[in-house]
Each structure stands twice: as structure tokens, then as C-alpha cells.
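Dumped coords-v6.cif below, it's mmCIF, C-alpha atoms (C1' of nucleotides):
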data_work
loop_
_atom_site.group_PDB
_atom_site.id
_atom_site.type_symbol
_atom_site.label_atom_id
_atom_site.label_comp_id
_atom_site.auth_asym_id
_atom_site.auth_seq_id
_atom_site.Cartn_x
_atom_site.Cartn_y
_atom_site.Cartn_z
ATOM 1 C CA MET J 27 -1.703 11.470 -16.940
ATOM 2 C CA ASN J 28 -0.140 9.439 -14.179
ATOM 3 C CA TYR J 29 -0.286 5.779 -13.274
ATOM 4 C CA TRP J 30 -0.560 4.106 -9.887
ATOM 5 C CA LEU J 31 -0.865 0.804 -8.094
ATOM 6 C CA MET J 32 -3.206 0.468 -5.125
ATOM 7 C CA LYS J 33 -3.504 -2.487 -2.783
ATOM 8 C CA SER J 34 -6.487 -3.911 -1.008
ATOM 9 C CA GLU J 35 -7.045 -7.139 0.843
ATOM 10 C CA PRO J 36 -9.820 -8.778 -1.173
ATOM 11 C CA ASP J 37 -11.627 -10.127 1.882
ATOM 12 C CA ALA J 38 -12.035 -6.498 2.973
ATOM 13 C CA PHE J 39 -12.570 -4.891 -0.444
ATOM 14 C CA SER J 40 -12.026 -6.705 -3.736
ATOM 15 C CA TYR J 41 -12.153 -5.682 -7.382
ATOM 16 C CA ASP J 42 -15.529 -7.425 -7.578
ATOM 17 C CA ASP J 43 -16.751 -5.215 -4.733
ATOM 18 C CA LEU J 44 -15.638 -2.141 -6.682
ATOM 19 C CA VAL J 45 -17.436 -3.354 -9.829
ATOM 20 C CA ARG J 46 -20.567 -3.964 -7.773
ATOM 21 C CA LYS J 47 -20.477 -0.467 -6.245
ATOM 22 C CA GLY J 48 -19.512 1.276 -9.481
ATOM 23 C CA LYS J 49 -17.550 3.919 -7.579
ATOM 24 C CA ALA J 50 -15.886 3.901 -4.197
ATOM 25 C CA GLU J 51 -13.925 6.020 -1.774
ATOM 26 C CA TRP J 52 -10.387 4.659 -1.356
ATOM 27 C CA ASP J 53 -10.323 5.271 2.376
ATOM 28 C CA GLY J 54 -8.386 4.095 5.386
ATOM 29 C CA VAL J 55 -4.907 4.879 4.081
ATOM 30 C CA ARG J 56 -2.868 5.892 7.141
ATOM 31 C CA ASN J 57 0.635 6.133 5.797
ATOM 32 C CA HIS J 58 2.233 9.424 4.874
ATOM 33 C CA ALA J 59 4.010 8.218 1.761
ATOM 34 C CA ALA J 60 0.826 6.619 0.442
ATOM 35 C CA GLN J 61 -1.146 9.759 1.318
ATOM 36 C CA GLY J 62 1.326 11.854 -0.640
ATOM 37 C CA HIS J 63 0.747 9.721 -3.693
ATOM 38 C CA MET J 64 -3.016 10.038 -3.325
ATOM 39 C CA ARG J 65 -2.739 13.828 -3.081
ATOM 40 C CA ALA J 66 -0.829 13.801 -6.372
ATOM 41 C CA MET J 67 -3.579 11.860 -8.181
ATOM 42 C CA ARG J 68 -5.601 13.679 -10.810
ATOM 43 C CA ARG J 69 -8.965 12.887 -12.297
ATOM 44 C CA GLY J 70 -8.487 10.489 -15.198
ATOM 45 C CA ASP J 71 -5.302 8.875 -13.831
ATOM 46 C CA LEU J 72 -5.319 5.084 -14.034
ATOM 47 C CA SER J 73 -4.397 2.626 -11.304
ATOM 48 C CA ILE J 74 -3.785 -1.071 -11.099
ATOM 49 C CA PHE J 75 -5.961 -2.756 -8.454
ATOM 50 C CA TYR J 76 -3.800 -5.234 -6.559
ATOM 51 C CA HIS J 77 -5.034 -7.926 -4.171
ATOM 52 C CA SER J 78 -2.714 -8.273 -1.182
ATOM 53 C CA ASN J 79 -2.551 -11.248 1.195
ATOM 54 C CA ILE J 80 -5.075 -13.309 -0.735
ATOM 55 C CA GLY J 81 -4.251 -13.841 -4.395
ATOM 56 C CA VAL J 82 -1.217 -11.533 -4.234
ATOM 57 C CA GLU J 83 -1.791 -10.354 -7.793
ATOM 58 C CA ALA J 84 -2.873 -7.465 -10.000
ATOM 59 C CA VAL J 85 -6.485 -8.043 -11.023
ATOM 60 C CA GLY J 86 -7.895 -4.941 -12.663
ATOM 61 C CA ILE J 87 -7.623 -1.363 -13.834
ATOM 62 C CA MET J 88 -9.448 1.525 -12.219
ATOM 63 C CA GLU J 89 -9.714 5.215 -12.825
ATOM 64 C CA ILE J 90 -9.365 8.094 -10.375
ATOM 65 C CA VAL J 91 -12.726 9.854 -10.615
ATOM 66 C CA GLU J 92 -12.420 12.300 -7.694
ATOM 67 C CA GLU J 93 -9.254 13.887 -6.393
ATOM 68 C CA ALA J 94 -8.119 14.103 -2.760
ATOM 69 C CA ALA J 95 -10.808 15.058 -0.240
ATOM 70 C CA PRO J 96 -11.166 14.407 3.503
ATOM 71 C CA ASP J 97 -11.366 10.684 4.284
ATOM 72 C CA SER J 98 -14.898 10.009 5.534
ATOM 73 C CA THR J 99 -13.590 7.325 7.899
ATOM 74 C CA ASP J 100 -11.240 9.764 9.644
ATOM 75 C CA ASP J 101 -12.283 11.915 12.591
ATOM 76 C CA SER J 102 -9.001 13.742 12.983
ATOM 77 C CA GLY J 103 -9.228 15.686 9.731
ATOM 78 C CA LYS J 104 -5.665 14.711 8.911
ATOM 79 C CA TRP J 105 -6.179 12.109 6.218
ATOM 80 C CA ILE J 106 -7.513 12.282 2.692
ATOM 81 C CA ALA J 107 -9.023 9.791 0.281
ATOM 82 C CA VAL J 108 -9.721 9.684 -3.456
ATOM 83 C CA HIS J 109 -12.637 8.114 -5.322
ATOM 84 C CA VAL J 110 -12.126 5.389 -7.880
ATOM 85 C CA ALA J 111 -14.223 3.557 -10.457
ATOM 86 C CA PRO J 112 -13.529 0.254 -12.238
ATOM 87 C CA ARG J 113 -12.284 0.406 -15.815
ATOM 88 C CA GLU J 114 -11.583 -3.185 -16.819
ATOM 89 C CA ARG J 115 -10.707 -6.485 -15.266
ATOM 90 C CA LEU J 116 -7.405 -7.968 -16.390
ATOM 91 C CA ALA J 117 -8.009 -10.936 -18.673
ATOM 92 C CA LYS J 118 -5.484 -12.874 -16.623
ATOM 93 C CA SER J 119 -4.289 -11.631 -13.249
ATOM 94 C CA VAL J 120 -0.596 -10.849 -12.940
ATOM 95 C CA THR J 121 0.984 -12.398 -9.871
ATOM 96 C CA LEU J 122 3.531 -10.735 -7.648
ATOM 97 C CA LYS J 123 5.835 -13.610 -8.496
ATOM 98 C CA ALA J 124 5.585 -12.849 -12.215
ATOM 99 C CA MET J 125 6.200 -9.142 -11.616
ATOM 100 C CA LYS J 126 9.247 -9.859 -9.449
ATOM 101 C CA ALA J 127 10.644 -12.164 -12.114
ATOM 102 C CA ASP J 128 10.307 -9.596 -14.909
ATOM 103 C CA SER J 129 13.353 -7.387 -15.435
ATOM 104 C CA ALA J 130 11.188 -4.695 -17.059
ATOM 105 C CA LEU J 131 9.678 -4.097 -13.618
ATOM 106 C CA SER J 132 12.847 -4.184 -11.547
ATOM 107 C CA ASN J 133 12.536 -0.530 -10.522
ATOM 108 C CA MET J 134 8.864 -0.687 -9.633
ATOM 109 C CA VAL J 135 8.311 1.216 -6.377
ATOM 110 C CA MET J 136 5.925 -1.375 -4.927
ATOM 111 C CA LEU J 137 8.445 -4.176 -5.472
ATOM 112 C CA ARG J 138 11.156 -2.170 -3.765
ATOM 113 C CA GLN J 139 8.926 -1.164 -0.870
ATOM 114 C CA SER J 140 6.443 -3.940 -0.441
ATOM 115 C CA ARG J 141 4.533 -2.413 2.460
ATOM 116 C CA LEU J 142 3.545 0.723 0.564
ATOM 117 C CA SER J 143 -0.170 0.438 -0.188
ATOM 118 C CA VAL J 144 -0.326 3.214 -2.791
ATOM 119 C CA ALA J 145 2.606 3.469 -5.189
ATOM 120 C CA PRO J 146 3.369 5.217 -8.480
ATOM 121 C CA LEU J 147 3.974 3.331 -11.728
ATOM 122 C CA THR J 148 5.700 4.668 -14.807
ATOM 123 C CA LYS J 149 3.650 4.509 -18.014
ATOM 124 C CA ALA J 150 6.034 1.795 -19.215
ATOM 125 C CA GLU J 151 5.449 -0.270 -16.067
ATOM 126 C CA PHE J 152 1.695 0.167 -16.285
ATOM 127 C CA ASP J 153 1.642 -0.818 -19.960
ATOM 128 C CA HIS J 154 3.911 -3.767 -19.237
ATOM 129 C CA ILE J 155 1.634 -5.165 -16.524
ATOM 130 C CA VAL J 156 -1.373 -4.802 -18.841
ATOM 131 C CA ALA J 157 0.560 -6.586 -21.599
ATOM 132 C CA MET J 158 1.461 -9.411 -19.189
ATOM 133 C CA SER J 159 -2.239 -9.841 -18.396
ATOM 134 C CA LYS J 160 -2.937 -10.469 -22.076
ATOM 135 C CA ALA J 161 -0.022 -12.827 -22.720
ATOM 136 C "C1'" DG G 3 2.063 -18.764 12.070
ATOM 137 C "C1'" DC G 4 6.422 -16.643 11.224
ATOM 138 C "C1'" DC G 5 9.325 -12.977 10.169
ATOM 139 C "C1'" DA G 6 11.335 -8.937 7.661
ATOM 140 C "C1'" DA G 7 10.540 -4.238 6.731
ATOM 141 C "C1'" DC G 8 9.220 -0.203 8.329
ATOM 142 C "C1'" DG G 9 6.372 3.304 10.808
ATOM 143 C "C1'" DT G 10 5.222 5.269 15.363
ATOM 144 C "C1'" DT G 11 5.687 6.208 20.136
ATOM 145 C "C1'" DG G 12 7.807 7.702 24.149
ATOM 146 C "C1'" DG G 13 11.769 8.167 27.364
ATOM 147 C "C1'" DC G 14 15.810 10.553 27.829
ATOM 148 C "C1'" DG D 20 16.884 14.777 18.291
ATOM 149 C "C1'" DC D 21 18.168 9.996 19.105
ATOM 150 C "C1'" DC D 22 16.941 5.409 19.603
ATOM 151 C "C1'" DA D 23 14.777 1.274 21.777
ATOM 152 C "C1'" DA D 24 10.440 -0.845 22.071
ATOM 153 C "C1'" DC D 25 6.538 -1.965 19.995
ATOM 154 C "C1'" DG D 26 2.782 -2.408 16.433
ATOM 155 C "C1'" DT D 27 1.364 -3.268 11.655
ATOM 156 C "C1'" DT D 28 1.704 -4.797 6.954
ATOM 157 C "C1'" DG D 29 2.264 -8.219 3.772
ATOM 158 C "C1'" DG D 30 4.711 -12.194 1.676
ATOM 159 C "C1'" DC D 31 5.618 -16.819 2.326
#
Turn this file's structure into C-alpha cells for me.
Amino acid sequence: MNYWLMKSEPDAFSYDDLVRKGKAEWDGVRNHAAQGHMRAMRRGDLSIFYHSNIGVEAVGIMEIVEEAAPDSTDDSGKWIAVHVAPRERLAKSVTLKAMKADSALSNMVMLRQSRLSVAPLTKAEFDHIVAMSKA
DNA sequence: GCCAACGTTGGC
DNA sequence: GCCAACGTTGGC
């Protein structure tokens, strides 16, 4: 199983919105690196849900429930999307500041390339963020 | 609102 | 195929 981190601006689509819907298409990703990561996702993989711009923090865990398929918001046929479902909200959100300050996360792809909206996490990084949310 | 990082576009 | 110009993302 693989682990991921996916960003959304909460005023467009928040973790609460995902909980309310129960399942959602993660659409609108128009970056080749991020698309590559989404193509590599498998059913059952887990992802951190991260709020960008507002909050700037990891807020929940979600599960990949459907693998890459054409993005319904794309007319060109070039882009794919996956479907996700909420797993659990983090007891305490983990801020970008806290992640940057933690040496255990110094190689995290999202910290090294802040504009990437879909990024892989190692199992150790994923577990570490979850542990931080419980500290 | 500003700016750094980075992706895309288009001229050559 | 290079690179300047420009647009977008996202943190602050």
C-alpha cells in the first residue's frame, strides 16, 4: 500500500465537504507530476488531506476508493482523476509550520516542492504526521 | 497584496 | 530545442 498527500483549498473543497459527500472525485488536477502520482494510486491507498491557503495544515485521512479514470471536468480527454472517501479526521490538525520544523519530515516531497498538489509520502512520513496529530 | 517557484507558451 | 515572457500556485 502507498501513501499520499493531496491539497485542496478549503473554500473550494474542504475535508468537511468530503465527509458530507461520503465519496468524491478528486478532479481538476492539471499538472503532469501530480497526474503521474494519481495514476500510481491503488484502491486502499491512504492519503493525507491538506488544506492549502486557508489553514495551511493537514486535517484528515482519506482512502483511494477508485483508481485513475477520465476526469469528468475535462473535455480534452487528457486528464484523469481518482475517487476518494474520508477515513478519519485528525484529532489535531498538523500545520505546515510544524511539518517544516520536524527533522523526521525533512525529505517530504511536498515540503521540497511546495506547489505540487498531489505528492507521495513514505509510510514513515505518513505515520509520523498521524502521530503528530495525536501529540 | 507580494513574491518565489515553477509550468506553459510561443518566437526564433 | 532554447529561452524569454507570462500565468498560476501557494506561503507569508
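Residues matched by the PyMOL selection byres ((chain D and resi 30) around 10) in this file: Ser78, Asn79, Val82, Leu122, Ser140 and Arg141 of chain J; DC5 and DA6 of chain G; DT28, DG29 and DC31 of chain D.
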*asked:* Assuming the chain letters and numbering stay as they are in my file, what does the PyMOL selection byres ((chain J and resi 143) around 8) actually select? List them as a list of chain:residue names.
replied: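 After applying the PyMOL selection byres ((chain J and resi 143) around 8), what remains is J:Leu31, J:Met32, J:Lys33, J:Ser34, J:Val55, J:Ala60, J:Met136, J:Ser140, J:Arg141, J:Leu142, J:Val144, J:Ala145.
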CA of Ile74 in chain J to CA of Ile155 in chain J measures 8.7 Å
| query | What are the residues of chain G that have an atom within 12 Å of an atom of chain J, counting only C-alpha atoms (C1' of nucleotides), as a list of chain:residue names? | reply |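 Filtering chain G at 12 Å from chain J with only C-alpha atoms (C1' of nucleotides) gives G:DA6, G:DA7, G:DC8, G:DG9, G:DT10.
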**Prompt:** How many Å separate CA of Lys49 in chain J from CA of Ile90 in chain J?
**Reply:**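 So the two atoms, CA of Lys49 in chain J and CA of Ile90 in chain J, lie 9.6 Å apart.
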Around all listed atoms of chain D, padded 6 Å per side, what centre and edge lengths does the axis-aligned box have in Å to one decimal, as AutoDock Vina command-line options?
--center_x 9.8 --center_y -1.0 --center_z 11.9 --size_x 28.8 --size_y 43.6 --size_z 32.4
Got a sec to check which residues sit within 7 Å of (-15.1, 5.3, -7.0), counting all atoms listed in the file, and write them as a list in words?
Gly48, Lys49, Ala50, Glu51, Val91, His109, Val110 and Ala111 of chain J
Query raised in the report: For this file, the PyMOL selection byres ((chain J and resi 146) around 12) selects which residues, as number ranges by chain?
Result: J: 27-33, 59-67, 71-74, 133-139, 142-145, 147-152
message = One decimal, in Å: what's the spacing between CA of Met88 in chain J and CA of Phe75 in chain J?
response =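 One can read the CA of Met88 in chain J to CA of Phe75 in chain J distance as 6.7 Å.
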### Message
List the spatial neighbours of Ser102 in chain J as a PyMOL selection string - criterion: any atom at most 12 Å away, only C-alpha atoms (C1' of nucleotides), same-chain residues fewer than 5 positions off excluded.
### Response
chain J and resi 56+96-97
